[in-house]
>>> print(open('coords36.cif').read())   # mmCIF, N, CA, C and O atoms
data_coords
#
loop_
_atom_site.label_atom_id
_atom_site.label_comp_id
_atom_site.auth_asym_id
_atom_site.auth_seq_id
_atom_site.Cartn_x
_atom_site.Cartn_y
_atom_site.Cartn_z
N MET A 1 0.84 -1.19 0.00
CA MET A 1 0.00 0.00 0.00
C MET A 1 0.88 1.25 0.00
O MET A 1 1.90 1.31 0.65
N ALA A 2 0.46 2.25 -0.72
CA ALA A 2 1.23 3.49 -0.85
C ALA A 2 1.21 4.28 0.45
O ALA A 2 0.26 4.23 1.21
N GLU A 3 2.28 4.97 0.68
CA GLU A 3 2.39 5.84 1.85
C GLU A 3 1.42 7.01 1.69
O GLU A 3 1.47 7.71 0.70
N GLN A 4 0.54 7.20 2.65
CA GLN A 4 -0.49 8.23 2.54
C GLN A 4 -0.37 9.31 3.60
O GLN A 4 -1.32 9.97 3.93
N THR A 5 0.82 9.47 4.16
CA THR A 5 0.99 10.48 5.19
C THR A 5 1.69 11.70 4.62
O THR A 5 2.36 11.64 3.59
N PHE A 6 1.52 12.79 5.32
CA PHE A 6 2.15 14.04 4.96
C PHE A 6 3.37 14.21 5.84
O PHE A 6 3.36 13.81 7.00
N THR A 7 4.40 14.83 5.32
CA THR A 7 5.52 15.22 6.15
C THR A 7 5.68 16.72 6.00
O THR A 7 5.38 17.30 4.95
N TYR A 8 6.12 17.33 7.08
CA TYR A 8 6.24 18.78 7.14
C TYR A 8 7.67 19.15 7.46
O TYR A 8 8.34 18.46 8.22
N GLU A 9 8.10 20.24 6.88
CA GLU A 9 9.46 20.70 7.08
C GLU A 9 9.43 22.22 7.22
O GLU A 9 8.86 22.91 6.38
N ALA A 10 10.01 22.71 8.29
CA ALA A 10 10.11 24.16 8.49
C ALA A 10 11.47 24.63 8.00
O ALA A 10 12.50 24.08 8.39
N ARG A 11 11.44 25.59 7.13
CA ARG A 11 12.67 26.23 6.65
C ARG A 11 12.55 27.72 6.98
O ARG A 11 12.08 28.50 6.16
N GLY A 12 12.89 28.07 8.19
CA GLY A 12 12.68 29.44 8.65
C GLY A 12 11.19 29.70 8.78
O GLY A 12 10.48 28.97 9.48
N GLN A 13 10.70 30.68 8.05
CA GLN A 13 9.28 31.01 8.08
C GLN A 13 8.51 30.36 6.93
O GLN A 13 7.37 30.73 6.66
N VAL A 14 9.14 29.40 6.30
CA VAL A 14 8.51 28.67 5.19
C VAL A 14 8.14 27.28 5.68
O VAL A 14 8.96 26.57 6.25
N LEU A 15 6.89 26.90 5.44
CA LEU A 15 6.42 25.56 5.76
C LEU A 15 6.35 24.76 4.46
O LEU A 15 5.62 25.13 3.54
N VAL A 16 7.15 23.70 4.38
CA VAL A 16 7.13 22.81 3.22
C VAL A 16 6.27 21.62 3.58
O VAL A 16 6.48 20.97 4.60
N ILE A 17 5.27 21.35 2.72
CA ILE A 17 4.39 20.21 2.93
C ILE A 17 4.67 19.19 1.83
O ILE A 17 4.42 19.46 0.66
N HIS A 18 5.23 18.05 2.23
CA HIS A 18 5.51 16.97 1.28
C HIS A 18 4.24 16.11 1.21
O HIS A 18 3.85 15.48 2.19
N LEU A 19 3.63 16.12 0.05
CA LEU A 19 2.35 15.44 -0.14
C LEU A 19 2.54 13.97 -0.49
O LEU A 19 3.56 13.59 -1.07
N PRO A 20 1.55 13.13 -0.15
CA PRO A 20 1.65 11.69 -0.44
C PRO A 20 1.36 11.37 -1.91
O PRO A 20 1.04 12.26 -2.70
N LYS A 21 1.42 10.09 -2.23
CA LYS A 21 1.16 9.63 -3.59
C LYS A 21 -0.25 10.01 -4.06
O LYS A 21 -0.44 10.40 -5.20
N GLU A 22 -1.22 9.89 -3.16
CA GLU A 22 -2.60 10.25 -3.50
C GLU A 22 -3.10 11.34 -2.56
O GLU A 22 -2.97 11.22 -1.34
N LEU A 23 -3.65 12.38 -3.14
CA LEU A 23 -4.20 13.50 -2.37
C LEU A 23 -5.69 13.55 -2.69
O LEU A 23 -6.10 13.98 -3.75
N ASP A 24 -6.50 13.03 -1.74
CA ASP A 24 -7.93 12.94 -1.98
C ASP A 24 -8.72 13.28 -0.72
O ASP A 24 -8.15 13.67 0.29
N HIS A 25 -10.03 13.13 -0.80
CA HIS A 25 -10.88 13.54 0.33
C HIS A 25 -10.59 12.74 1.60
O HIS A 25 -10.85 13.21 2.70
N HIS A 26 -10.02 11.56 1.46
CA HIS A 26 -9.71 10.75 2.64
C HIS A 26 -8.60 11.36 3.49
O HIS A 26 -8.65 11.30 4.71
N ASN A 27 -7.59 11.92 2.84
CA ASN A 27 -6.47 12.45 3.62
C ASN A 27 -6.41 13.97 3.69
O ASN A 27 -5.66 14.51 4.48
N CYS A 28 -7.22 14.67 2.91
CA CYS A 28 -7.21 16.14 2.96
C CYS A 28 -7.73 16.66 4.30
O CYS A 28 -7.32 17.72 4.75
N ARG A 29 -8.61 15.93 4.92
CA ARG A 29 -9.11 16.34 6.24
C ARG A 29 -7.96 16.42 7.25
O ARG A 29 -7.84 17.36 8.01
N ASN A 30 -7.09 15.40 7.23
CA ASN A 30 -5.92 15.40 8.11
C ASN A 30 -4.97 16.54 7.76
O ASN A 30 -4.43 17.20 8.65
N LEU A 31 -4.75 16.76 6.47
CA LEU A 31 -3.87 17.84 6.03
C LEU A 31 -4.40 19.19 6.52
O LEU A 31 -3.64 20.01 7.03
N ARG A 32 -5.68 19.41 6.39
CA ARG A 32 -6.28 20.67 6.82
C ARG A 32 -6.09 20.86 8.33
O ARG A 32 -5.66 21.92 8.79
N TYR A 33 -6.37 19.83 9.10
CA TYR A 33 -6.25 19.89 10.56
C TYR A 33 -4.79 20.14 10.98
O TYR A 33 -4.51 21.01 11.81
N GLU A 34 -3.87 19.36 10.41
CA GLU A 34 -2.47 19.47 10.80
C GLU A 34 -1.88 20.82 10.42
O GLU A 34 -1.12 21.41 11.19
N THR A 35 -2.21 21.32 9.23
CA THR A 35 -1.66 22.62 8.84
C THR A 35 -2.30 23.76 9.63
O THR A 35 -1.63 24.75 9.91
N ASP A 36 -3.56 23.62 10.02
CA ASP A 36 -4.17 24.62 10.91
C ASP A 36 -3.36 24.74 12.19
O ASP A 36 -3.06 25.85 12.66
N LEU A 37 -2.98 23.61 12.78
CA LEU A 37 -2.18 23.62 14.01
C LEU A 37 -0.80 24.23 13.78
O LEU A 37 -0.35 25.06 14.57
N LEU A 38 -0.15 23.82 12.71
CA LEU A 38 1.19 24.34 12.43
C LEU A 38 1.17 25.84 12.18
O LEU A 38 2.05 26.57 12.64
N LEU A 39 0.16 26.32 11.46
CA LEU A 39 0.07 27.75 11.17
C LEU A 39 -0.27 28.55 12.42
O LEU A 39 0.18 29.68 12.58
N ALA A 40 -1.05 27.97 13.33
CA ALA A 40 -1.42 28.66 14.56
C ALA A 40 -0.24 28.76 15.53
O ALA A 40 -0.12 29.74 16.27
N GLU A 41 0.63 27.76 15.50
CA GLU A 41 1.72 27.70 16.47
C GLU A 41 3.02 28.33 15.98
O GLU A 41 3.93 28.54 16.77
N ASN A 42 3.13 28.64 14.72
CA ASN A 42 4.38 29.15 14.15
C ASN A 42 4.10 30.36 13.27
O ASN A 42 3.02 30.47 12.70
N TYR A 43 5.09 31.23 13.15
CA TYR A 43 4.95 32.35 12.23
C TYR A 43 5.41 31.88 10.86
O TYR A 43 6.60 31.77 10.60
N ILE A 44 4.46 31.58 10.02
CA ILE A 44 4.73 31.09 8.66
C ILE A 44 4.29 32.17 7.67
O ILE A 44 3.15 32.63 7.74
N ASN A 45 5.18 32.55 6.76
CA ASN A 45 4.77 33.52 5.75
C ASN A 45 4.76 32.94 4.34
O ASN A 45 4.49 33.64 3.38
N LYS A 46 5.06 31.63 4.25
CA LYS A 46 4.99 30.97 2.95
C LYS A 46 4.77 29.48 3.14
O LYS A 46 5.34 28.86 4.04
N ILE A 47 3.93 28.91 2.28
CA ILE A 47 3.70 27.47 2.24
C ILE A 47 4.13 26.96 0.88
O ILE A 47 3.73 27.52 -0.15
N VAL A 48 4.95 25.92 0.87
CA VAL A 48 5.36 25.27 -0.37
C VAL A 48 4.76 23.87 -0.37
O VAL A 48 5.00 23.08 0.53
N PHE A 49 3.95 23.59 -1.39
CA PHE A 49 3.37 22.25 -1.57
C PHE A 49 4.30 21.47 -2.49
O PHE A 49 4.50 21.83 -3.64
N ASP A 50 4.87 20.38 -1.96
CA ASP A 50 5.76 19.52 -2.73
C ASP A 50 4.97 18.34 -3.28
O ASP A 50 4.59 17.43 -2.55
N PHE A 51 4.73 18.37 -4.59
CA PHE A 51 3.94 17.34 -5.26
C PHE A 51 4.82 16.26 -5.90
O PHE A 51 4.33 15.48 -6.72
N SER A 52 6.09 16.19 -5.53
CA SER A 52 7.00 15.28 -6.24
C SER A 52 6.62 13.80 -6.12
O SER A 52 6.95 13.01 -7.00
N ARG A 53 5.93 13.41 -5.06
CA ARG A 53 5.50 12.01 -4.90
C ARG A 53 4.06 11.78 -5.38
O ARG A 53 3.59 10.66 -5.45
N THR A 54 3.34 12.85 -5.66
CA THR A 54 1.90 12.77 -5.92
C THR A 54 1.61 12.40 -7.37
O THR A 54 2.11 13.03 -8.29
N VAL A 55 0.77 11.37 -7.54
CA VAL A 55 0.37 10.95 -8.89
C VAL A 55 -1.14 11.07 -9.10
O VAL A 55 -1.62 11.00 -10.22
N PHE A 56 -1.89 11.24 -8.00
CA PHE A 56 -3.34 11.40 -8.10
C PHE A 56 -3.80 12.49 -7.15
O PHE A 56 -3.35 12.56 -6.00
N MET A 57 -4.71 13.34 -7.65
CA MET A 57 -5.30 14.37 -6.81
C MET A 57 -6.72 14.62 -7.29
O MET A 57 -6.95 14.71 -8.50
N ASP A 58 -7.67 14.70 -6.35
CA ASP A 58 -9.03 15.02 -6.72
C ASP A 58 -9.35 16.46 -6.31
O ASP A 58 -8.45 17.23 -5.93
N SER A 59 -10.61 16.83 -6.38
CA SER A 59 -11.00 18.21 -6.09
C SER A 59 -10.71 18.62 -4.65
O SER A 59 -10.56 19.81 -4.36
N SER A 60 -10.60 17.67 -3.75
CA SER A 60 -10.25 17.99 -2.36
C SER A 60 -8.85 18.58 -2.29
O SER A 60 -8.59 19.47 -1.48
N GLY A 61 -7.96 18.09 -3.12
CA GLY A 61 -6.60 18.63 -3.17
C GLY A 61 -6.60 20.06 -3.68
O GLY A 61 -5.89 20.92 -3.15
N ILE A 62 -7.41 20.32 -4.70
CA ILE A 62 -7.56 21.69 -5.20
C ILE A 62 -8.08 22.59 -4.08
O ILE A 62 -7.58 23.69 -3.87
N GLY A 63 -9.06 22.08 -3.35
CA GLY A 63 -9.65 22.86 -2.27
C GLY A 63 -8.65 23.21 -1.19
O GLY A 63 -8.64 24.35 -0.70
N ILE A 64 -7.80 22.29 -0.82
CA ILE A 64 -6.84 22.56 0.25
C ILE A 64 -5.79 23.58 -0.21
O ILE A 64 -5.42 24.48 0.54
N VAL A 65 -5.33 23.46 -1.45
CA VAL A 65 -4.35 24.43 -1.97
C VAL A 65 -5.00 25.82 -2.06
O VAL A 65 -4.41 26.82 -1.64
N LEU A 66 -6.22 25.88 -2.56
CA LEU A 66 -6.92 27.16 -2.67
C LEU A 66 -7.19 27.77 -1.29
O LEU A 66 -7.00 28.96 -1.08
N ASN A 67 -7.59 26.94 -0.34
CA ASN A 67 -7.85 27.41 1.02
C ASN A 67 -6.58 28.01 1.63
O ASN A 67 -6.62 29.09 2.24
N ARG A 68 -5.46 27.32 1.49
CA ARG A 68 -4.20 27.82 2.05
C ARG A 68 -3.72 29.06 1.30
O ARG A 68 -3.14 29.97 1.88
N TYR A 69 -3.98 29.13 0.00
CA TYR A 69 -3.64 30.33 -0.78
C TYR A 69 -4.40 31.54 -0.22
O TYR A 69 -3.81 32.59 0.03
N LYS A 70 -5.70 31.38 -0.02
CA LYS A 70 -6.51 32.48 0.51
C LYS A 70 -6.06 32.87 1.92
O LYS A 70 -6.00 34.06 2.25
N GLN A 71 -5.75 31.89 2.73
CA GLN A 71 -5.30 32.15 4.10
C GLN A 71 -3.98 32.92 4.10
O GLN A 71 -3.81 33.89 4.84
N MET A 72 -3.04 32.51 3.26
CA MET A 72 -1.75 33.20 3.19
C MET A 72 -1.91 34.59 2.60
O MET A 72 -1.27 35.54 3.05
N GLU A 73 -2.78 34.73 1.61
CA GLU A 73 -3.00 36.04 0.99
C GLU A 73 -3.53 37.05 2.02
O GLU A 73 -3.10 38.20 2.06
N ARG A 74 -4.46 36.60 2.87
CA ARG A 74 -5.02 37.49 3.91
C ARG A 74 -3.96 37.96 4.89
O ARG A 74 -4.04 39.07 5.41
N SER A 75 -2.96 37.13 5.14
CA SER A 75 -1.93 37.49 6.11
C SER A 75 -0.66 38.05 5.45
O SER A 75 0.34 38.26 6.12
N GLY A 76 -0.73 38.28 4.15
CA GLY A 76 0.43 38.83 3.45
C GLY A 76 1.46 37.79 3.06
O GLY A 76 2.58 38.13 2.66
N GLY A 77 1.11 36.52 3.17
CA GLY A 77 2.04 35.44 2.84
C GLY A 77 1.87 34.95 1.42
O GLY A 77 1.09 35.50 0.64
N LYS A 78 2.61 33.89 1.10
CA LYS A 78 2.60 33.34 -0.26
C LYS A 78 2.46 31.82 -0.21
O LYS A 78 2.72 31.20 0.81
N VAL A 79 2.07 31.27 -1.35
CA VAL A 79 2.01 29.82 -1.54
C VAL A 79 2.74 29.51 -2.84
O VAL A 79 2.66 30.29 -3.80
N ALA A 80 3.45 28.40 -2.87
CA ALA A 80 4.14 27.95 -4.07
C ALA A 80 3.97 26.45 -4.23
O ALA A 80 3.64 25.75 -3.28
N ILE A 81 4.19 25.99 -5.46
CA ILE A 81 4.09 24.57 -5.81
C ILE A 81 5.40 24.15 -6.44
O ILE A 81 5.98 24.89 -7.24
N CYS A 82 5.86 22.95 -6.08
CA CYS A 82 7.02 22.39 -6.77
C CYS A 82 6.81 20.89 -6.97
O CYS A 82 6.01 20.27 -6.28
N GLY A 83 7.53 20.36 -7.94
CA GLY A 83 7.53 18.93 -8.16
C GLY A 83 6.28 18.36 -8.81
O GLY A 83 6.13 17.14 -8.86
N ALA A 84 5.39 19.19 -9.30
CA ALA A 84 4.14 18.70 -9.89
C ALA A 84 4.39 18.19 -11.30
O ALA A 84 4.91 18.91 -12.15
N GLY A 85 3.98 16.95 -11.53
CA GLY A 85 4.08 16.37 -12.86
C GLY A 85 2.95 16.86 -13.76
O GLY A 85 2.08 17.63 -13.34
N ALA A 86 2.94 16.37 -14.98
CA ALA A 86 1.97 16.82 -15.97
C ALA A 86 0.53 16.57 -15.54
O ALA A 86 -0.34 17.44 -15.70
N GLN A 87 0.25 15.39 -14.99
CA GLN A 87 -1.12 15.06 -14.59
C GLN A 87 -1.59 15.97 -13.46
O GLN A 87 -2.72 16.47 -13.48
N ILE A 88 -0.75 16.18 -12.46
CA ILE A 88 -1.12 17.04 -11.34
C ILE A 88 -1.28 18.48 -11.81
O ILE A 88 -2.21 19.18 -11.41
N MET A 89 -0.39 18.95 -12.68
CA MET A 89 -0.51 20.31 -13.21
C MET A 89 -1.80 20.47 -14.00
O MET A 89 -2.44 21.53 -13.94
N ARG A 90 -2.22 19.44 -14.70
CA ARG A 90 -3.47 19.50 -15.45
C ARG A 90 -4.64 19.70 -14.48
O ARG A 90 -5.51 20.54 -14.71
N VAL A 91 -4.65 18.95 -13.39
CA VAL A 91 -5.72 19.09 -12.39
C VAL A 91 -5.68 20.48 -11.76
O VAL A 91 -6.72 21.13 -11.59
N LEU A 92 -4.50 20.95 -11.41
CA LEU A 92 -4.36 22.28 -10.80
C LEU A 92 -4.79 23.38 -11.77
O LEU A 92 -5.45 24.35 -11.37
N THR A 93 -4.47 23.22 -13.04
CA THR A 93 -4.86 24.21 -14.05
C THR A 93 -6.36 24.23 -14.24
O THR A 93 -6.98 25.30 -14.27
N ILE A 94 -6.96 23.06 -14.35
CA ILE A 94 -8.42 22.98 -14.49
C ILE A 94 -9.10 23.60 -13.28
O ILE A 94 -10.13 24.28 -13.42
N GLY A 95 -8.52 23.42 -12.09
CA GLY A 95 -9.07 23.99 -10.86
C GLY A 95 -8.79 25.47 -10.67
O GLY A 95 -9.22 26.06 -9.68
N GLY A 96 -8.05 26.09 -11.60
CA GLY A 96 -7.76 27.51 -11.52
C GLY A 96 -6.56 27.86 -10.65
O GLY A 96 -6.22 29.03 -10.51
N ILE A 97 -5.91 26.87 -10.08
CA ILE A 97 -4.78 27.11 -9.19
C ILE A 97 -3.55 27.57 -9.98
O ILE A 97 -2.77 28.38 -9.51
N GLY A 98 -3.42 27.09 -11.21
CA GLY A 98 -2.27 27.43 -12.03
C GLY A 98 -2.10 28.92 -12.26
O GLY A 98 -0.98 29.40 -12.41
N LYS A 99 -3.18 29.67 -12.25
CA LYS A 99 -3.11 31.12 -12.45
C LYS A 99 -2.82 31.86 -11.15
O LYS A 99 -2.40 33.01 -11.17
N LEU A 100 -3.08 31.23 -10.01
CA LEU A 100 -2.93 31.90 -8.72
C LEU A 100 -1.60 31.61 -8.03
O LEU A 100 -1.02 32.49 -7.39
N VAL A 101 -1.16 30.37 -8.12
CA VAL A 101 0.00 29.91 -7.35
C VAL A 101 1.16 29.63 -8.30
O VAL A 101 1.01 28.84 -9.23
N PRO A 102 2.32 30.25 -8.05
CA PRO A 102 3.47 29.98 -8.92
C PRO A 102 4.00 28.57 -8.76
O PRO A 102 3.97 28.00 -7.68
N ARG A 103 4.48 28.03 -9.86
CA ARG A 103 5.06 26.68 -9.89
C ARG A 103 6.55 26.80 -10.13
O ARG A 103 7.00 27.57 -10.97
N TYR A 104 7.31 26.01 -9.38
CA TYR A 104 8.77 26.01 -9.50
C TYR A 104 9.24 24.60 -9.83
O TYR A 104 8.62 23.62 -9.43
N ASP A 105 10.38 24.53 -10.51
CA ASP A 105 10.94 23.24 -10.89
C ASP A 105 11.70 22.56 -9.76
O ASP A 105 11.83 21.34 -9.76
N SER A 106 12.19 23.35 -8.81
CA SER A 106 12.95 22.76 -7.71
C SER A 106 12.45 23.28 -6.37
O SER A 106 11.85 24.36 -6.29
N MET A 107 12.72 22.51 -5.33
CA MET A 107 12.34 22.91 -3.97
C MET A 107 13.07 24.19 -3.58
O MET A 107 12.48 25.09 -2.99
N GLU A 108 14.35 24.29 -3.92
CA GLU A 108 15.13 25.46 -3.55
C GLU A 108 14.54 26.72 -4.18
O GLU A 108 14.44 27.76 -3.52
N ALA A 109 14.15 26.65 -5.44
CA ALA A 109 13.56 27.80 -6.12
C ALA A 109 12.21 28.15 -5.49
O ALA A 109 11.88 29.33 -5.34
N ALA A 110 11.42 27.15 -5.13
CA ALA A 110 10.11 27.40 -4.52
C ALA A 110 10.25 28.08 -3.17
O ALA A 110 9.50 28.99 -2.84
N VAL A 111 11.20 27.64 -2.37
CA VAL A 111 11.40 28.23 -1.05
C VAL A 111 11.94 29.66 -1.20
O VAL A 111 11.49 30.57 -0.47
N ALA A 112 12.84 29.88 -2.13
CA ALA A 112 13.45 31.20 -2.31
C ALA A 112 12.53 32.18 -3.03
O ALA A 112 12.57 33.38 -2.78
N GLY A 113 11.68 31.66 -3.93
CA GLY A 113 10.87 32.50 -4.81
C GLY A 113 9.78 33.27 -4.19
O GLY A 113 9.39 33.28 -3.11
#
>>> encode(input="coords36.cif", output="structure tokens")
Amino acid sequence: MAEQTFTYEARGQVLVIHLPKELDHHNCRNLRYETDLLLAENYINKIVFDFSRTVFMDSSGIGIVLNRYKQMERSGGKVAICGAGAQIMRVLTIGGIGKLVPRYDSMEAAVAG
């Protein structure tokens, strides 16, 4: 069975979220809860979603990225995407995320950008 957990990495005021192979309604609830706690307890001004392991995403994944984008925008922060393959980028583009959130080819560029 594929690993379905999220891992989090703090790089200063940047929160990197390493997403699992599948991002769907089953695990987005946990992602929402865990990131709410992390954002409440730490001063984060940027979230980077690392899609490098992700091969499937449904509308729940779009919702979580959009929700965090709006949350960061209200607080003056930013959201970025890295590691998204063609299939994931297609889903993000259809969901309108491609126009809102910048995409980077590397983690280093996403964190710095």
>>> resolve_selection(input="coords36.cif", expression="the PyMOL selection byres ((chain A and resi 52-57) around 4.5)", output="PyMOL selection string")
chain A and resi 20-23+50-51+58+82-83
>>> residues_around(input="coords36.cif", residues="range 105-109 of chain A", least_positions_apart="2", cutoff="9 Å", atoms="only C-alpha atoms", output="PyMOL selection string")
chain A and resi 16+48+50+81-84+103+111-113
>>> atom_distance(input="coords36.cif", atom1="atom N of Ile88 in chain A", atom2="atom N of Tyr104 in chain A")
13.1 Å
>>> resolve_selection(input="coords36.cif", expression="the PyMOL selection byres (((chain A and resi 68-78 and name CA) around 7) and name CA)", output="PDB file with N, CA, C and O atoms, keeping the file's coordinate frame")
ATOM      1  N   ASN A  45       5.180  32.550   6.760  1.00  0.00           N
ATOM      2  CA  ASN A  45       4.770  33.520   5.750  1.00  0.00           C
ATOM      3  C   ASN A  45       4.760  32.940   4.340  1.00  0.00           C
ATOM      4  O   ASN A  45       4.490  33.640   3.380  1.00  0.00           O
ATOM      5  N   LYS A  46       5.060  31.630   4.250  1.00  0.00           N
ATOM      6  CA  LYS A  46       4.990  30.970   2.950  1.00  0.00           C
ATOM      7  C   LYS A  46       4.770  29.480   3.140  1.00  0.00           C
ATOM      8  O   LYS A  46       5.340  28.860   4.040  1.00  0.00           O
ATOM      9  N   ILE A  47       3.930  28.910   2.280  1.00  0.00           N
ATOM     10  CA  ILE A  47       3.700  27.470   2.240  1.00  0.00           C
ATOM     11  C   ILE A  47       4.130  26.960   0.880  1.00  0.00           C
ATOM     12  O   ILE A  47       3.730  27.520  -0.150  1.00  0.00           O
ATOM     13  N   ILE A  64      -7.800  22.290  -0.820  1.00  0.00           N
ATOM     14  CA  ILE A  64      -6.840  22.560   0.250  1.00  0.00           C
ATOM     15  C   ILE A  64      -5.790  23.580  -0.210  1.00  0.00           C
ATOM     16  O   ILE A  64      -5.420  24.480   0.540  1.00  0.00           O
ATOM     17  N   VAL A  65      -5.330  23.460  -1.450  1.00  0.00           N
ATOM     18  CA  VAL A  65      -4.350  24.430  -1.970  1.00  0.00           C
ATOM     19  C   VAL A  65      -5.000  25.820  -2.060  1.00  0.00           C
ATOM     20  O   VAL A  65      -4.410  26.820  -1.640  1.00  0.00           O
ATOM     21  N   LEU A  66      -6.220  25.880  -2.560  1.00  0.00           N
ATOM     22  CA  LEU A  66      -6.920  27.160  -2.670  1.00  0.00           C
ATOM     23  C   LEU A  66      -7.190  27.770  -1.290  1.00  0.00           C
ATOM     24  O   LEU A  66      -7.000  28.960  -1.080  1.00  0.00           O
ATOM     25  N   ASN A  67      -7.590  26.940  -0.340  1.00  0.00           N
ATOM     26  CA  ASN A  67      -7.850  27.410   1.020  1.00  0.00           C
ATOM     27  C   ASN A  67      -6.580  28.010   1.630  1.00  0.00           C
ATOM     28  O   ASN A  67      -6.620  29.090   2.240  1.00  0.00           O
ATOM     29  N   VAL A  79       2.070  31.270  -1.350  1.00  0.00           N
ATOM     30  CA  VAL A  79       2.010  29.820  -1.540  1.00  0.00           C
ATOM     31  C   VAL A  79       2.740  29.510  -2.840  1.00  0.00           C
ATOM     32  O   VAL A  79       2.660  30.290  -3.800  1.00  0.00           O
ATOM     33  N   ALA A  80       3.450  28.400  -2.870  1.00  0.00           N
ATOM     34  CA  ALA A  80       4.140  27.950  -4.070  1.00  0.00           C
ATOM     35  C   ALA A  80       3.970  26.450  -4.230  1.00  0.00           C
ATOM     36  O   ALA A  80       3.640  25.750  -3.280  1.00  0.00           O
TER      37      ALA A  80
END
>>> select_by_dssp(input="coords36.cif", residues="chain A", states="strand (DSSP E)", output="PyMOL selection string")
chain A and resi 7-11+14-18+22-23+46-50+56-57+78-82+103-104
